[in-house]
Structure formats: C-alpha cells, structure tokens
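Text of the file my_file.tsv, holding TSV, N, CA and C atoms and all ligand atoms:
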```tsv
chain	number	residue	atom	x	y	z
H	274	ALA	N	17.94	-4.91	-13.20
H	274	ALA	CA	17.29	-3.60	-13.13
H	274	ALA	C	15.92	-3.72	-12.46
H	275	ALA	N	15.23	-4.82	-12.70
H	275	ALA	CA	13.92	-5.01	-12.08
H	275	ALA	C	14.07	-5.06	-10.57
H	276	PHE	N	15.10	-5.74	-10.13
H	276	PHE	CA	15.33	-5.87	-8.71
H	276	PHE	C	15.65	-4.52	-8.07
H	277	GLU	N	16.49	-3.73	-8.73
H	277	GLU	CA	16.85	-2.42	-8.20
H	277	GLU	C	15.64	-1.50	-8.17
H	278	ALA	N	14.82	-1.54	-9.23
H	278	ALA	CA	13.64	-0.68	-9.29
H	278	ALA	C	12.66	-1.07	-8.20
H	279	ALA	N	12.55	-2.36	-7.94
H	279	ALA	CA	11.61	-2.86	-6.94
H	279	ALA	C	12.03	-2.47	-5.53
H	280	ALA	N	13.29	-2.07	-5.36
H	280	ALA	CA	13.81	-1.76	-4.04
H	280	ALA	C	13.33	-0.42	-3.50
H	281	CYS	N	12.75	0.42	-4.34
H	281	CYS	CA	12.30	1.75	-3.91
H	281	CYS	C	11.32	1.65	-2.75
H	282	ILE	N	11.60	2.41	-1.69
H	282	ILE	CA	10.74	2.38	-0.50
H	282	ILE	C	9.91	3.66	-0.38
H	283	GLY	N	9.96	4.51	-1.43
H	283	GLY	CA	9.14	5.71	-1.42
H	283	GLY	C	9.51	6.71	-0.34
H	284	CYS	N	10.78	6.78	-0.01
H	284	CYS	CA	11.23	7.63	1.10
H	284	CYS	C	11.21	9.12	0.77
H	285	GLY	N	11.31	9.45	-0.53
H	285	GLY	CA	11.27	10.85	-0.94
H	285	GLY	C	12.60	11.57	-0.91
H	286	ALA	N	13.67	10.86	-0.57
H	286	ALA	CA	15.00	11.50	-0.51
H	286	ALA	C	15.40	12.04	-1.88
H	287	CYS	N	15.01	11.34	-2.93
H	287	CYS	CA	15.36	11.75	-4.29
H	287	CYS	C	14.71	13.09	-4.62
H	288	VAL	N	13.45	13.27	-4.24
H	288	VAL	CA	12.74	14.52	-4.51
H	288	VAL	C	13.37	15.67	-3.72
H	289	ALA	N	13.69	15.39	-2.46
H	289	ALA	CA	14.27	16.41	-1.59
H	289	ALA	C	15.63	16.87	-2.10
H	290	ALA	N	16.37	15.96	-2.72
H	290	ALA	CA	17.73	16.28	-3.19
H	290	ALA	C	17.73	16.99	-4.55
H	291	CYS	N	16.62	16.90	-5.26
H	291	CYS	CA	16.58	17.44	-6.63
H	291	CYS	C	16.34	18.94	-6.65
H	292	PRO	N	17.21	19.72	-7.32
H	292	PRO	CA	17.02	21.17	-7.42
H	292	PRO	C	15.71	21.53	-8.13
H	293	ASN	N	15.19	20.63	-8.95
H	293	ASN	CA	13.92	20.86	-9.65
H	293	ASN	C	12.73	20.30	-8.87
H	294	ALA	N	12.98	19.70	-7.71
H	294	ALA	CA	11.93	19.00	-6.97
H	294	ALA	C	11.20	18.02	-7.88
H	295	SER	N	11.97	17.32	-8.68
H	295	SER	CA	11.39	16.32	-9.58
H	295	SER	C	11.32	14.98	-8.86
H	296	ALA	N	10.26	14.25	-9.15
H	296	ALA	CA	10.09	12.92	-8.55
H	296	ALA	C	10.29	11.83	-9.59
H	297	MET	N	11.12	12.11	-10.58
H	297	MET	CA	11.27	11.17	-11.68
H	297	MET	C	11.99	9.88	-11.31
H	298	LEU	N	12.86	9.92	-10.31
H	298	LEU	CA	13.54	8.67	-9.93
H	298	LEU	C	12.51	7.73	-9.27
H	299	PHE	N	11.73	8.29	-8.39
H	299	PHE	CA	10.67	7.52	-7.74
H	299	PHE	C	9.67	7.00	-8.78
H	300	THR	N	9.19	7.90	-9.66
H	300	THR	CA	8.22	7.51	-10.68
H	300	THR	C	8.84	6.49	-11.64
H	301	GLY	N	10.09	6.71	-12.00
H	301	GLY	CA	10.78	5.78	-12.88
H	301	GLY	C	10.95	4.41	-12.26
H	302	ALA	N	11.18	4.39	-10.94
H	302	ALA	CA	11.33	3.11	-10.25
H	302	ALA	C	10.03	2.33	-10.30
H	303	LYS	N	8.91	3.03	-10.09
H	303	LYS	CA	7.60	2.36	-10.13
H	303	LYS	C	7.29	1.86	-11.54
H	304	ILE	N	7.53	2.73	-12.52
H	304	ILE	CA	7.27	2.37	-13.92
H	304	ILE	C	8.15	1.19	-14.34
H	305	SER	N	9.41	1.23	-13.96
H	305	SER	CA	10.34	0.17	-14.35
H	305	SER	C	9.96	-1.15	-13.70
H	306	HIS	N	9.63	-1.06	-12.42
H	306	HIS	CA	9.26	-2.27	-11.68
H	306	HIS	C	8.05	-2.94	-12.33
H	307	LEU	N	6.98	-2.17	-12.53
H	307	LEU	CA	5.75	-2.72	-13.11
H	307	LEU	C	5.94	-3.11	-14.56
H	308	GLY	N	6.74	-2.33	-15.28
H	308	GLY	CA	6.94	-2.58	-16.71
H	308	GLY	C	7.78	-3.81	-17.00
H	309	LEU	N	8.49	-4.28	-16.00
H	309	LEU	CA	9.34	-5.46	-16.20
H	309	LEU	C	8.65	-6.74	-15.76
H	310	LEU	N	7.47	-6.60	-15.17
H	310	LEU	CA	6.71	-7.78	-14.75
H	310	LEU	C	5.77	-8.21	-15.88
H	311	PRO	N	5.65	-9.51	-16.13
H	311	PRO	CA	4.74	-9.99	-17.18
H	311	PRO	C	3.32	-9.47	-16.98
H	312	GLN	N	2.86	-9.49	-15.73
H	312	GLN	CA	1.49	-9.07	-15.46
H	312	GLN	C	1.33	-7.56	-15.57
H	313	GLY	N	2.46	-6.84	-15.73
H	313	GLY	CA	2.37	-5.39	-15.86
H	313	GLY	C	2.29	-4.92	-17.29
H	314	GLN	N	2.32	-5.82	-18.25
H	314	GLN	CA	2.37	-5.44	-19.66
H	314	GLN	C	1.09	-4.82	-20.24
H	315	PRO	N	-0.09	-5.39	-19.97
H	315	PRO	CA	-1.29	-4.88	-20.64
H	315	PRO	C	-1.53	-3.38	-20.45
H	316	GLU	N	-1.25	-2.87	-19.24
H	316	GLU	CA	-1.53	-1.47	-18.94
H	316	GLU	C	-0.29	-0.59	-19.06
H	317	ARG	N	0.75	-1.14	-19.61
H	317	ARG	CA	2.04	-0.48	-19.55
H	317	ARG	C	2.08	0.96	-20.08
H	318	LEU	N	1.59	1.16	-21.30
H	318	LEU	CA	1.67	2.50	-21.89
H	318	LEU	C	0.69	3.48	-21.27
H	319	ALA	N	-0.52	2.99	-20.98
H	319	ALA	CA	-1.50	3.87	-20.33
H	319	ALA	C	-0.99	4.29	-18.96
H	320	ARG	N	-0.28	3.37	-18.30
H	320	ARG	CA	0.22	3.66	-16.95
H	320	ARG	C	1.27	4.76	-16.96
H	321	VAL	N	2.18	4.72	-17.91
H	321	VAL	CA	3.24	5.74	-17.91
H	321	VAL	C	2.64	7.12	-18.18
H	322	VAL	N	1.63	7.17	-19.04
H	322	VAL	CA	0.97	8.45	-19.34
H	322	VAL	C	0.27	8.97	-18.09
H	323	SER	N	-0.49	8.10	-17.41
H	323	SER	CA	-1.24	8.57	-16.24
H	323	SER	C	-0.32	8.92	-15.09
H	324	MET	N	0.76	8.16	-14.93
H	324	MET	CA	1.68	8.46	-13.83
H	324	MET	C	2.42	9.77	-14.05
H	325	LEU	N	2.79	10.05	-15.30
H	325	LEU	CA	3.48	11.32	-15.57
H	325	LEU	C	2.51	12.50	-15.46
H	326	ASN	N	1.28	12.31	-15.87
H	326	ASN	CA	0.28	13.37	-15.70
H	326	ASN	C	0.09	13.67	-14.23
H	327	GLN	N	0.04	12.61	-13.41
H	327	GLN	CA	-0.14	12.78	-11.97
H	327	GLN	C	1.08	13.48	-11.36
H	328	HIS	N	2.26	13.08	-11.80
H	328	HIS	CA	3.52	13.69	-11.35
H	328	HIS	C	3.48	15.20	-11.58
H	329	ASP	N	3.08	15.60	-12.79
H	329	ASP	CA	3.03	17.02	-13.13
H	329	ASP	C	1.91	17.74	-12.38
H	330	ALA	N	0.76	17.07	-12.27
H	330	ALA	CA	-0.39	17.67	-11.60
H	330	ALA	C	-0.10	17.96	-10.13
H	331	GLU	N	0.75	17.15	-9.52
H	331	GLU	CA	1.08	17.35	-8.11
H	331	GLU	C	2.18	18.38	-7.91
H	332	GLY	N	2.65	18.95	-9.02
H	332	GLY	CA	3.59	20.05	-8.92
H	332	GLY	C	5.06	19.69	-8.86
H	333	PHE	N	5.37	18.42	-9.13
H	333	PHE	CA	6.79	18.04	-9.15
H	333	PHE	C	7.42	18.60	-10.42
H	334	GLY	N	8.69	18.94	-10.34
H	334	GLY	CA	9.37	19.55	-11.48
H	334	GLY	C	9.85	18.53	-12.49
H	335	GLY	N	10.33	19.05	-13.61
H	335	GLY	CA	10.84	18.18	-14.67
H	335	GLY	C	12.27	17.75	-14.41
H	336	CYS	N	12.64	16.63	-15.00
H	336	CYS	CA	14.00	16.10	-14.85
H	336	CYS	C	14.93	16.73	-15.86
H	337	THR	N	16.06	17.26	-15.38
H	337	THR	CA	17.07	17.82	-16.29
H	337	THR	C	18.39	17.06	-16.13
H	338	ASN	N	18.29	15.82	-15.74
H	338	ASN	CA	19.45	14.92	-15.68
H	338	ASN	C	20.59	15.40	-14.79
H	339	ILE	N	20.26	15.94	-13.64
H	339	ILE	CA	21.29	16.42	-12.72
H	339	ILE	C	21.91	15.24	-11.96
H	340	GLY	N	21.06	14.28	-11.57
H	340	GLY	CA	21.59	13.06	-10.98
H	340	GLY	C	21.72	13.03	-9.47
H	341	GLU	N	21.29	14.12	-8.81
H	341	GLU	CA	21.36	14.14	-7.34
H	341	GLU	C	20.50	13.05	-6.72
H	342	CYS	N	19.39	12.74	-7.38
H	342	CYS	CA	18.44	11.74	-6.88
H	342	CYS	C	19.12	10.38	-6.66
H	343	ALA	N	19.74	9.89	-7.71
H	343	ALA	CA	20.37	8.57	-7.62
H	343	ALA	C	21.53	8.59	-6.63
H	344	ALA	N	22.19	9.75	-6.51
H	344	ALA	CA	23.34	9.85	-5.61
H	344	ALA	C	22.90	9.71	-4.15
H	345	VAL	N	21.70	10.15	-3.82
H	345	VAL	CA	21.26	10.10	-2.42
H	345	VAL	C	20.34	8.91	-2.10
H	346	CYS	N	19.87	8.22	-3.14
H	346	CYS	CA	18.91	7.13	-2.91
H	346	CYS	C	19.49	6.04	-2.01
H	347	PRO	N	18.84	5.76	-0.87
H	347	PRO	CA	19.36	4.76	0.06
H	347	PRO	C	19.27	3.34	-0.49
H	348	LYS	N	18.47	3.16	-1.54
H	348	LYS	CA	18.29	1.84	-2.13
H	348	LYS	C	19.04	1.68	-3.45
H	349	SER	N	19.86	2.66	-3.78
H	349	SER	CA	20.67	2.61	-5.01
H	349	SER	C	19.83	2.40	-6.27
H	350	VAL	N	18.65	3.02	-6.32
H	350	VAL	CA	17.86	2.98	-7.55
H	350	VAL	C	18.65	3.79	-8.59
H	351	PRO	N	18.95	3.19	-9.75
H	351	PRO	CA	19.81	3.85	-10.74
H	351	PRO	C	19.06	4.82	-11.67
H	352	LEU	N	19.79	5.79	-12.23
H	352	LEU	CA	19.20	6.74	-13.17
H	352	LEU	C	18.58	6.04	-14.37
H	353	GLU	N	19.02	4.83	-14.63
H	353	GLU	CA	18.49	4.05	-15.75
H	353	GLU	C	16.97	3.93	-15.71
H	354	VAL	N	16.38	3.97	-14.51
H	354	VAL	CA	14.91	3.84	-14.44
H	354	VAL	C	14.23	5.04	-15.10
H	355	ILE	N	14.89	6.20	-15.09
H	355	ILE	CA	14.31	7.38	-15.75
H	355	ILE	C	14.41	7.22	-17.27
H	356	THR	N	15.51	6.66	-17.73
H	356	THR	CA	15.67	6.37	-19.16
H	356	THR	C	14.57	5.42	-19.62
H	357	ARG	N	14.30	4.43	-18.79
H	357	ARG	CA	13.27	3.44	-19.09
H	357	ARG	C	11.89	4.09	-19.14
H	358	LEU	N	11.64	4.96	-18.19
H	358	LEU	CA	10.36	5.69	-18.15
H	358	LEU	C	10.21	6.52	-19.43
H	359	ASN	N	11.26	7.23	-19.80
H	359	ASN	CA	11.20	8.08	-21.00
H	359	ASN	C	10.99	7.24	-22.26
H	360	ARG	N	11.55	6.06	-22.27
H	360	ARG	CA	11.39	5.18	-23.43
H	360	ARG	C	9.93	4.71	-23.53
H	361	ASP	N	9.36	4.33	-22.40
H	361	ASP	CA	7.95	3.92	-22.40
H	361	ASP	C	7.05	5.09	-22.80
H	362	MET	N	7.40	6.30	-22.33
H	362	MET	CA	6.60	7.48	-22.68
H	362	MET	C	6.69	7.72	-24.18
H	363	GLY	N	7.86	7.55	-24.75
H	363	GLY	CA	8.03	7.71	-26.19
H	363	GLY	C	7.15	6.73	-26.95
H	364	HIS	N	7.10	5.50	-26.47
H	364	HIS	CA	6.26	4.49	-27.12
H	364	HIS	C	4.79	4.87	-27.01
H	365	ALA	N	4.41	5.36	-25.83
H	365	ALA	CA	3.01	5.74	-25.61
H	365	ALA	C	2.61	6.88	-26.55
H	366	LEU	N	3.50	7.87	-26.69
H	366	LEU	CA	3.19	9.00	-27.56
H	366	LEU	C	3.14	8.54	-29.01
H	367	TRP	N	4.03	7.65	-29.35
H	367	TRP	CA	4.10	7.13	-30.71
H	367	TRP	C	2.81	6.37	-31.06
H	368	LYS	N	2.25	5.74	-30.05
H	368	LYS	CA	0.99	5.00	-30.26
H	368	LYS	C	-0.21	5.93	-30.29
H	369	GLY	N	0.04	7.21	-30.14
H	369	GLY	CA	-1.05	8.18	-30.29
H	369	GLY	C	-1.83	8.49	-29.04
H	370	GLN	N	-1.29	8.08	-27.87
H	370	GLN	CA	-1.98	8.41	-26.65
H	370	GLN	C	-1.63	9.84	-26.27
H	371	LYS	N	-2.58	10.55	-25.74
H	371	LYS	CA	-2.33	11.93	-25.35
H	371	LYS	C	-1.69	12.01	-23.98
H	372	ALA	N	-0.59	12.75	-23.90
H	372	ALA	CA	0.09	12.90	-22.62
H	372	ALA	C	-0.70	13.85	-21.73
H	373	HIS	N	-1.33	14.83	-22.31
H	373	HIS	CA	-2.09	15.78	-21.51
H	373	HIS	C	-3.49	15.90	-22.08
H	374	ALA	N	-4.34	15.01	-21.65
H	374	ALA	CA	-5.69	14.95	-22.19
H	374	ALA	C	-6.52	16.12	-21.67
H	401	LIG	S1	15.36	8.01	-2.85
H	401	LIG	FE1	15.30	5.94	-3.81
H	401	LIG	S2	14.10	4.69	-2.35
H	401	LIG	FE2	13.69	6.85	-1.83
H	401	LIG	S3	11.79	7.39	-3.05
H	401	LIG	FE3	13.59	7.97	-4.28
H	401	LIG	S4	13.96	6.19	-5.65
H	401	LIG	FE4	12.65	5.46	-3.93
```
Go ahead and render the structure in this file as structure tokens.
Ligand code: SF4
Amino acid sequence: AAFEAAACIGCGACVAACPNASAMLFTGAKISHLGLLPQGQPERLARVVSMLNQHDAEGFGGCTNIGECAAVCPKSVPLEVITRLNRDMGHALWKGQKAHA
C-alpha cells in the first residue's frame, strides 16, 4: 500500500472524475505515503488534521464513496488510502485535536 500511495503524481484526474469534486484520493495518497514512513510518524496526526482543513478550505467536496477517483487514477492508487486517511483522522479526533480550529 505504501508503494501504491507513493505512486501518486498529483495529476488531478481523481478530482476531475469525482461528482463531488473531492480530492480525497489525492489527499489520502499523500497521508498514506507519509504515514507509512518511519520518519513520518511524529507529525502524523497533526498532518491529517491540517491537510483535511486545507482540503476543505480550498473548496474541494466531501467523499461519499462513489469510487470514480480510483477508477480513473493512472497510477492505480486504491480507495484504501481514503480508508487509511479516515482512520488517522479518527485517531486525531480521539486524541482531542480540533479538526476545525
Ligand atoms: S488520479 Fe491518482 S495519480 Fe492522479 S492525483 Fe489522483 S491519486 Fe494522484
């Protein structure tokens, strides 16, 4: 999964294909890639909070699990990266970090 997440080239095809204009596959790929690296651990939870805040602030829509993103991704980034992102976000919220400060 780390290898697949690292393959993202930031092409934006996933966002263009999404009816919600969500960038969660792209964001999930970045979160998964960094979150699976040993050196990515210290900032892991703060990073998912800040990246999701940035995602929302830039006007990208929410993910409703339609799956068009993964279907069009030229690098075969799997939907699993979004599950991973949501899991990290759950941990961050559980630790008491504010998602929308
Ligand atoms: S379509 Fe795939 S490679 Fe392109 S930005 Fe989205 S996740 Fe990355």
* Given 6 Å and all atoms listed in the file, residues near ligand LIG 401 (chain H) as a list of chain:residue names ->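 My answer, listing the contacting residues, is H:Ala280, H:Cys281, H:Ile282, H:Gly283, H:Cys284, H:Gly285, H:Ala286, H:Cys287, H:Val288, H:Leu298, H:Phe299, H:Cys342, H:Val345, H:Cys346, H:Pro347, H:Lys348, H:Ser349, H:Val350.
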* To do: Show which residues sit within 9 Å of Cys291 (chain H), as a list in words. Count only C-alpha atoms, and ignore same-chain residues fewer than 4 positions away.
  =>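 Here the qualifying residues turn out to be Ala286, Cys287, Ser295, Ala296, Gly334, Cys336, Ile339, Gly340, Glu341 and Cys342 of chain H.
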Please dump the current selection as a compact mmCIF listing (two decimals), keeping the file's coordinate frame; keep N, CA and C atoms.
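again-v6.txt was written with the following content:
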```
# COMPACT_ATOMS: atom_id res chain seq x y z
N ALA H 286 13.67 10.86 -0.57
CA ALA H 286 15.00 11.50 -0.51
C ALA H 286 15.40 12.04 -1.88
N CYS H 287 15.01 11.34 -2.93
CA CYS H 287 15.36 11.75 -4.29
C CYS H 287 14.71 13.09 -4.62
N SER H 295 11.97 17.32 -8.68
CA SER H 295 11.39 16.32 -9.58
C SER H 295 11.32 14.98 -8.86
N ALA H 296 10.26 14.25 -9.15
CA ALA H 296 10.09 12.92 -8.55
C ALA H 296 10.29 11.83 -9.59
N GLY H 334 8.69 18.94 -10.34
CA GLY H 334 9.37 19.55 -11.48
C GLY H 334 9.85 18.53 -12.49
N CYS H 336 12.64 16.63 -15.00
CA CYS H 336 14.00 16.10 -14.85
C CYS H 336 14.93 16.73 -15.86
N ILE H 339 20.26 15.94 -13.64
CA ILE H 339 21.29 16.42 -12.72
C ILE H 339 21.91 15.24 -11.96
N GLY H 340 21.06 14.28 -11.57
CA GLY H 340 21.59 13.06 -10.98
C GLY H 340 21.72 13.03 -9.47
N GLU H 341 21.29 14.12 -8.81
CA GLU H 341 21.36 14.14 -7.34
C GLU H 341 20.50 13.05 -6.72
N CYS H 342 19.39 12.74 -7.38
CA CYS H 342 18.44 11.74 -6.88
C CYS H 342 19.12 10.38 -6.66
```
Set up a box along x, y and z of the file covering all listed atoms of region 332-339 of chain H, add 8 Å on every one of the six sides, and write the centre and edge lengths in Å to one decimal, as AutoDock Vina command-line options.
```
--center_x 12.3 --center_y 17.5 --center_z -12.6 --size_x 35.3 --size_y 21.1 --size_z 23.4
```
* Structure fact -> Shortest contact to Leu307 (chain H), candidates H:Ala330, H:Ala294, H:Ala279, H:Ser323, atoms counted all atoms listed in the file, goes to H:Ala279
* Asked: Which one is closest to Ser305 (chain H): H:Arg360, H:Gly332, H:Ala278, H:Gly369? Count only C-alpha atoms.
  -> H:Ala278
* Asked: Can you list, as an MDAnalysis selection string, every residue of chain H that DSSP puts in alpha helix (DSSP H)?
  -> chainID H and resid 275:279 286:290 297:308 317:330 341:345 353:367
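CA of His364 (chain H) to CA of Asn293 (chain H) spans 25.1 Å [interatomic distance, one decimal].
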* Between CA of Leu358 (chain H) and CA of Ala344 (chain H), distance in Å (one decimal) ->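 Result for CA of Leu358 (chain H) versus CA of Ala344 (chain H): 18.5 Å, one decimal.
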* Asked: Just how far from atom C of Leu318 (chain H) is CA of Leu366 (chain H), in Å to one decimal?
  ->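 Computed distance, CA of Leu366 (chain H) to atom C of Leu318 (chain H), equals 8.7 Å.
Shortest separation to Arg317 (chain H) among H:Pro292, H:Asn338, H:Asp329, H:Ile304 occurs at residue H:Ile304, atoms counted being only C-alpha atoms.
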* If we count only N, CA and C atoms, what is near His306 (chain H) at a cut-off of 6.5 Å, once residues fewer than 3 positions away on the same chain are taken out, given as a PyMOL selection string? -> chain H and resi 275+278-279+301-303+309-310
Requested file, region 300-327 of chain H restricted to N, CA, C and O atoms, as a compact mmCIF listing (two decimals), in the first residue's frame:
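Everything below was put into selection23.txt:
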```txt
# COMPACT_ATOMS: atom_id res chain seq x y z
N THR H 300 -5.42 13.35 -1.48
CA THR H 300 -5.05 13.64 -0.10
C THR H 300 -4.75 12.34 0.65
O THR H 300 -3.78 12.26 1.42
N GLY H 301 -5.56 11.33 0.41
CA GLY H 301 -5.33 10.03 1.05
C GLY H 301 -4.02 9.40 0.64
O GLY H 301 -3.34 8.76 1.45
N ALA H 302 -3.65 9.60 -0.63
CA ALA H 302 -2.38 9.04 -1.11
C ALA H 302 -1.22 9.70 -0.38
O ALA H 302 -0.27 9.03 0.04
N LYS H 303 -1.30 11.03 -0.21
CA LYS H 303 -0.23 11.75 0.49
C LYS H 303 -0.16 11.33 1.96
O LYS H 303 0.92 11.07 2.49
N ILE H 304 -1.32 11.28 2.60
CA ILE H 304 -1.39 10.89 4.01
C ILE H 304 -0.87 9.46 4.20
O ILE H 304 -0.12 9.18 5.13
N SER H 305 -1.28 8.57 3.32
CA SER H 305 -0.87 7.17 3.44
C SER H 305 0.62 7.02 3.22
O SER H 305 1.30 6.29 3.94
N HIS H 306 1.12 7.71 2.21
CA HIS H 306 2.54 7.63 1.90
C HIS H 306 3.37 8.09 3.10
O HIS H 306 4.24 7.36 3.59
N LEU H 307 3.07 9.29 3.61
CA LEU H 307 3.84 9.84 4.73
C LEU H 307 3.60 9.05 6.01
O LEU H 307 4.52 8.86 6.81
N GLY H 308 2.37 8.58 6.19
CA GLY H 308 2.02 7.87 7.42
C GLY H 308 2.64 6.48 7.52
O GLY H 308 2.68 5.88 8.59
N LEU H 309 3.10 5.97 6.39
CA LEU H 309 3.70 4.63 6.40
C LEU H 309 5.22 4.69 6.50
O LEU H 309 5.88 3.67 6.63
N LEU H 310 5.76 5.90 6.46
CA LEU H 310 7.21 6.05 6.59
C LEU H 310 7.57 6.27 8.06
O LEU H 310 6.89 7.01 8.75
N PRO H 311 8.64 5.64 8.54
CA PRO H 311 9.05 5.83 9.94
C PRO H 311 9.25 7.31 10.27
O PRO H 311 8.83 7.77 11.33
N GLN H 312 9.87 8.04 9.36
CA GLN H 312 10.14 9.45 9.64
C GLN H 312 8.88 10.30 9.56
O GLN H 312 8.90 11.48 9.89
N GLY H 313 7.77 9.69 9.11
CA GLY H 313 6.51 10.45 9.03
C GLY H 313 5.66 10.32 10.27
O GLY H 313 4.60 10.93 10.37
N GLN H 314 6.10 9.55 11.26
CA GLN H 314 5.27 9.29 12.44
C GLN H 314 5.06 10.46 13.40
O GLN H 314 3.94 10.66 13.84
N PRO H 315 6.09 11.22 13.74
CA PRO H 315 5.91 12.25 14.77
C PRO H 315 4.79 13.25 14.46
O PRO H 315 4.06 13.66 15.36
N GLU H 316 4.66 13.63 13.19
CA GLU H 316 3.67 14.65 12.82
C GLU H 316 2.39 14.04 12.26
O GLU H 316 1.55 14.74 11.72
N ARG H 317 2.27 12.76 12.40
CA ARG H 317 1.21 12.05 11.69
C ARG H 317 -0.22 12.58 11.92
O ARG H 317 -0.95 12.87 10.98
N LEU H 318 -0.61 12.71 13.19
CA LEU H 318 -1.98 13.13 13.46
C LEU H 318 -2.21 14.61 13.18
O LEU H 318 -3.26 14.99 12.65
N ALA H 319 -1.23 15.43 13.50
CA ALA H 319 -1.36 16.87 13.21
C ALA H 319 -1.46 17.07 11.69
O ALA H 319 -2.18 17.93 11.21
N ARG H 320 -0.74 16.23 10.96
CA ARG H 320 -0.72 16.37 9.49
C ARG H 320 -2.08 16.05 8.88
O ARG H 320 -2.55 16.76 7.99
N VAL H 321 -2.73 15.01 9.35
CA VAL H 321 -4.02 14.66 8.74
C VAL H 321 -5.05 15.75 9.02
O VAL H 321 -5.86 16.10 8.17
N VAL H 322 -4.99 16.34 10.21
CA VAL H 322 -5.91 17.43 10.55
C VAL H 322 -5.66 18.63 9.65
O VAL H 322 -6.58 19.18 9.05
N SER H 323 -4.39 19.02 9.50
CA SER H 323 -4.09 20.21 8.71
C SER H 323 -4.36 19.98 7.23
O SER H 323 -4.84 20.86 6.52
N MET H 324 -4.09 18.77 6.76
CA MET H 324 -4.34 18.50 5.33
C MET H 324 -5.82 18.48 5.01
O MET H 324 -6.25 18.96 3.96
N LEU H 325 -6.63 17.95 5.92
CA LEU H 325 -8.08 17.94 5.67
C LEU H 325 -8.66 19.34 5.79
O LEU H 325 -9.56 19.71 5.04
N ASN H 326 -8.15 20.13 6.72
CA ASN H 326 -8.61 21.52 6.82
C ASN H 326 -8.29 22.27 5.53
O ASN H 326 -9.10 23.04 5.02
N GLN H 327 -7.09 22.02 5.00
CA GLN H 327 -6.67 22.68 3.76
C GLN H 327 -7.54 22.22 2.59
O GLN H 327 -7.97 23.02 1.77
```
